[in-house]
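Notes follow once the structure below has been shown.
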Amino acid sequence: NAIYWNPAKIASSDKNGGFSFSYTPWLRNLVNDMALYNASAFIKGKGNWTWGGSINYFDQGLFQATLQNGTSAGNFNSKEYALTFSSSRNMGNGFYLGYNVKYINSNLLGNYQGTSGSGVAMKPAQTVAADVALYWNTNSEKNWNYTYGLVLSNISGKVSYGGAEKNFIPTNLRAGVAAVKNLDEKNKLTFTLDFNKLMVPTPQSIDANGNKVGTDPTTTSAIGGIFGSLFDAPDGFGEELKEVTTSLGAEYLFNNTFALRGGYFNESEMKGNRKYFTMGVGFKLDQKYGFDFAYLVPTGTSSPLANTLRVTLLAAINNDNG
């Protein structure tokens with residue numbers, strides 16, 4: 001699953017290859033036909049290279065299209081997917097570089113043949129995007145070993161669903177650190193801390209005189225939006241900090257077989273107000289097969305994220321000695 005989070009890390013695996021499949025029912029408190037699917041695989045190559053690929057598929061279920069007079073135009077299925085090619089290289093001294101190249105297709109209208117309010121025919125949005133990533137393992141022999149990661153994901157141009165309007169895709173800058181303590185040969189304790197910032201222009205606000213304040217997204221290029229997003233918040237640096245989400249995590253691995261996990265995600269009330277705890281377990285069988293289960297617990301009441309779970313199946317190709 002590192003292909004999604006940090007592709008540089010796949011080259012650090014002690015396995016010759018692996019495969020995983022994940023299933024996440026989505027927003028089940030609201031609807032019963034939305035789900036996220038992910039299939040990922042990697043294999044070690046020659047010259048310290050590791051290659052991988054993944055498919056992310058988001059089934060958004062049925063929606064009812066309506067005409068301008070409010071009458072129904074029928075039910076249609078919305079879906080999005082991304083096909084990813086991944087590569088990572090071991091640079092030595094615990095340092096790894098990685099990148100992804102992906103094709104993204106966002107079909108919010110299914111096979112609906114309608115038009116926008118301006119009369120322009122609607123169509124799926126599609127683009128090619130890239131991720132670049134760094135991973136560093138300090139390989140310390142002290143009581144605690146530290147690893148670091150840095151990823152800039154979804155670097156791409158704007159996309160359109162029809163007409164002249166162009167939309168940013170969610171470019172993200174993520175940085176994280178993990179502290180690992182090997183209690184003995186088979187038991188391990190890990191703590192993680194991640195920071196993530198959405199690298200798109202901050203939405204404009206209206207001042208007391210009714211004037212728009214901030215970057216106009218319609219006149220900002222995709223690359224300009226990425227770099228400008230670090231400094232474009234109308235309320236200055238304080239608002240920029242509120243655009244950074246924080247994730248804390250912990251895992252206890254027992255006998256290299258059973259893992260107990262927990263975490264917390266925090267987002268500013270001004271920027272979405274997602275706040276939730278996560279908990280999960282993982283099992284390994286013969287160090288070849290695995291099963292992971294995760295559950296999300298929102299801190300507020302009546303959250304659409306309530307009852308969100310994820311199930312993952314894994315299979316590994318062991319090295320020549322295993």
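In the structure tokens, chains take letters A, B, ... by order of appearance, with residues numbered from 1 within each chain and ligands from 1 in the order shown.
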
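For segment 1-232 of chain A, the set of residues given helix (DSSP H, G or I) by DSSP on the backbone reads Ala2, Ile3, Tyr4, Trp5, Pro7, Ala8, Lys9, Ile10, Ala11, Ser12, Pro217, Thr218, Thr219, Ala222, Ile223, Gly224, Gly225, Ile226, Phe227 and Gly228 of chain A.
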
- Residues at most 8 Å from segment 33-43 of chain A, counting only C-alpha atoms, excluding those fewer than 4 positions away in the same chain, as JSON, numbers by chain? {"A": [1, 3, 10, 16, 17, 18, 19, 20, 21, 22, 23, 24, 25, 26, 27, 28, 50, 51, 52, 53, 54, 55, 56, 57, 58, 59, 60, 61, 62]}

Polymer residues at most 12 Å from Lys142 of chain A, only C-alpha atoms, same-chain spacing of 2 or more positions, as a PDB file with N, CA and C atoms, in the first residue's frame:
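Result saved to selection21.pdb:
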```pdb
ATOM      1  N   THR A 138      16.993   5.630   9.127  1.00  0.00           N
ATOM      2  CA  THR A 138      18.284   5.932   9.749  1.00  0.00           C
ATOM      3  C   THR A 138      19.073   4.677  10.104  1.00  0.00           C
ATOM      4  N   ASN A 139      18.380   3.507  10.144  1.00  0.00           N
ATOM      5  CA  ASN A 139      19.054   2.238  10.449  1.00  0.00           C
ATOM      6  C   ASN A 139      19.889   2.319  11.720  1.00  0.00           C
ATOM      7  N   SER A 140      19.322   2.992  12.720  1.00  0.00           N
ATOM      8  CA  SER A 140      20.038   3.165  13.976  1.00  0.00           C
ATOM      9  C   SER A 140      20.015   1.877  14.802  1.00  0.00           C
ATOM     10  N   TRP A 144      15.914   3.452  19.795  1.00  0.00           N
ATOM     11  CA  TRP A 144      14.864   3.887  18.876  1.00  0.00           C
ATOM     12  C   TRP A 144      15.464   4.119  17.496  1.00  0.00           C
ATOM     13  N   ASN A 145      14.762   3.652  16.488  1.00  0.00           N
ATOM     14  CA  ASN A 145      15.145   3.898  15.098  1.00  0.00           C
ATOM     15  C   ASN A 145      14.102   4.829  14.469  1.00  0.00           C
ATOM     16  N   TYR A 146      14.544   5.796  13.653  1.00  0.00           N
ATOM     17  CA  TYR A 146      13.632   6.783  13.084  1.00  0.00           C
ATOM     18  C   TYR A 146      13.631   6.687  11.557  1.00  0.00           C
ATOM     19  N   ALA A 179       8.863   6.555  14.739  1.00  0.00           N
ATOM     20  CA  ALA A 179       9.838   6.116  15.741  1.00  0.00           C
ATOM     21  C   ALA A 179       9.555   4.660  16.076  1.00  0.00           C
ATOM     22  N   VAL A 180      10.560   3.804  15.917  1.00  0.00           N
ATOM     23  CA  VAL A 180      10.381   2.361  16.071  1.00  0.00           C
ATOM     24  C   VAL A 180      11.314   1.843  17.158  1.00  0.00           C
ATOM     25  N   LYS A 181      10.748   1.075  18.076  1.00  0.00           N
ATOM     26  CA  LYS A 181      11.553   0.440  19.126  1.00  0.00           C
ATOM     27  C   LYS A 181      11.371  -1.067  19.040  1.00  0.00           C
ATOM     28  N   ASN A 182      12.450  -1.791  18.789  1.00  0.00           N
ATOM     29  CA  ASN A 182      12.413  -3.246  18.787  1.00  0.00           C
ATOM     30  C   ASN A 182      12.552  -3.749  20.223  1.00  0.00           C
ATOM     31  N   LEU A 183      11.449  -4.221  20.777  1.00  0.00           N
ATOM     32  CA  LEU A 183      11.465  -4.707  22.150  1.00  0.00           C
ATOM     33  C   LEU A 183      12.302  -5.971  22.270  1.00  0.00           C
TER      34      LEU A 183
END
```

- Item | Picked from segment 46-224 of chain A by DSSP as strand (DSSP E), as an MDAnalysis selection string | chainID A and resid 49:66 72:92 95:107 125:137 145:155 172:182 188:198 205:206 212:213

For segment 48-109 of chain A versus segment 154-171 of chain A, which residues have an atom no more than 9 Å away, and what is each residue's nearest atom pair and distance in Å rounded to one decimal, using only C-alpha atoms, chain-then-number order, as a Markdown table?
```
| residue | atom | partner | partner_atom | distance |
| --- | --- | --- | --- | --- |
| A:Lys102 | CA | A:Asn154 | CA | 8.5 |
| A:Ser106 | CA | A:Tyr161 | CA | 8.6 |
| A:Asn107 | CA | A:Tyr161 | CA | 8.4 |
| A:Leu108 | CA | A:Tyr161 | CA | 8.6 |
```

- Message: Give me, as JSON, numbers by chain, all polymer residues having an atom no more than 6 Å from Tyr148 of chain A, counting only C-alpha atoms and skipping those fewer than 3 positions away in the same chain.
- Response: {"A": [135, 136, 176, 177]}

Write the residues you've just listed into a file as an mmCIF file, in the first residue's frame, and include all heavy atoms for each of them.
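Written output follows (out.cif):
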```cif
data_model
loop_
_atom_site.group_PDB
_atom_site.id
_atom_site.type_symbol
_atom_site.label_atom_id
_atom_site.label_comp_id
_atom_site.auth_asym_id
_atom_site.auth_seq_id
_atom_site.Cartn_x
_atom_site.Cartn_y
_atom_site.Cartn_z
ATOM 1 N N TYR A 135 12.145 8.681 1.025
ATOM 2 C CA TYR A 135 12.029 7.897 2.257
ATOM 3 C C TYR A 135 13.434 7.652 2.794
ATOM 4 O O TYR A 135 14.346 7.310 2.035
ATOM 5 C CB TYR A 135 11.319 6.579 1.993
ATOM 6 C CG TYR A 135 11.274 5.644 3.184
ATOM 7 C CD1 TYR A 135 10.455 5.926 4.282
ATOM 8 C CD2 TYR A 135 12.042 4.484 3.213
ATOM 9 C CE1 TYR A 135 10.417 5.075 5.376
ATOM 10 C CE2 TYR A 135 12.003 3.624 4.297
ATOM 11 C CZ TYR A 135 11.194 3.930 5.376
ATOM 12 O OH TYR A 135 11.154 3.094 6.467
ATOM 13 N N TRP A 136 13.603 7.848 4.101
ATOM 14 C CA TRP A 136 14.919 7.666 4.715
ATOM 15 C C TRP A 136 14.775 6.878 6.000
ATOM 16 O O TRP A 136 14.012 7.243 6.894
ATOM 17 C CB TRP A 136 15.568 9.025 4.994
ATOM 18 C CG TRP A 136 16.936 8.907 5.616
ATOM 19 C CD1 TRP A 136 17.919 8.027 5.269
ATOM 20 C CD2 TRP A 136 17.466 9.682 6.699
ATOM 21 N NE1 TRP A 136 19.035 8.209 6.057
ATOM 22 C CE2 TRP A 136 18.784 9.220 6.951
ATOM 23 C CE3 TRP A 136 16.956 10.731 7.468
ATOM 24 C CZ2 TRP A 136 19.575 9.766 7.936
ATOM 25 C CZ3 TRP A 136 17.767 11.273 8.448
ATOM 26 C CH2 TRP A 136 19.053 10.799 8.685
ATOM 27 N N GLY A 176 6.215 13.066 7.096
ATOM 28 C CA GLY A 176 5.958 12.248 8.277
ATOM 29 C C GLY A 176 7.226 11.670 8.865
ATOM 30 O O GLY A 176 8.281 11.627 8.226
ATOM 31 N N VAL A 177 7.106 11.227 10.115
ATOM 32 C CA VAL A 177 8.211 10.586 10.825
ATOM 33 C C VAL A 177 7.650 9.426 11.642
ATOM 34 O O VAL A 177 6.518 9.491 12.129
ATOM 35 C CB VAL A 177 8.942 11.595 11.744
ATOM 36 C CG1 VAL A 177 7.991 12.210 12.757
ATOM 37 C CG2 VAL A 177 10.122 10.933 12.453
#
```

- Task: Kindly indicate which residue among A:Phe195, A:Tyr103, A:Tyr96, A:Trp5 lies nearest to Glu267 of chain A, using only C-alpha atoms for the distances.
- Result: A:Phe195

- Find the spatial neighbours of segment 247-250 of chain A, counting only C-alpha atoms, within a cut-off of 12 Å - ignore same-chain residues fewer than 6 positions away - and output them as a ChimeraX atom specification. /A:174-181,188-197,259-267,274-281

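Between Glu239 of chain A and the residues A:Glu269, A:Asp286, A:Asp216, A:Glu141, the shortest atom-to-atom distance, using only C-alpha atoms, involves A:Glu269.
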
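From atom CA of Pro7 of chain A back to atom CA of Val132 of chain A, the distance works out to 7.8 Å.
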
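Here the question is which of A:Ala222, A:Asn187, A:Glu240, A:Thr308 gets nearest to Phe258 of chain A using only C-alpha atoms, and that residue is A:Asn187.
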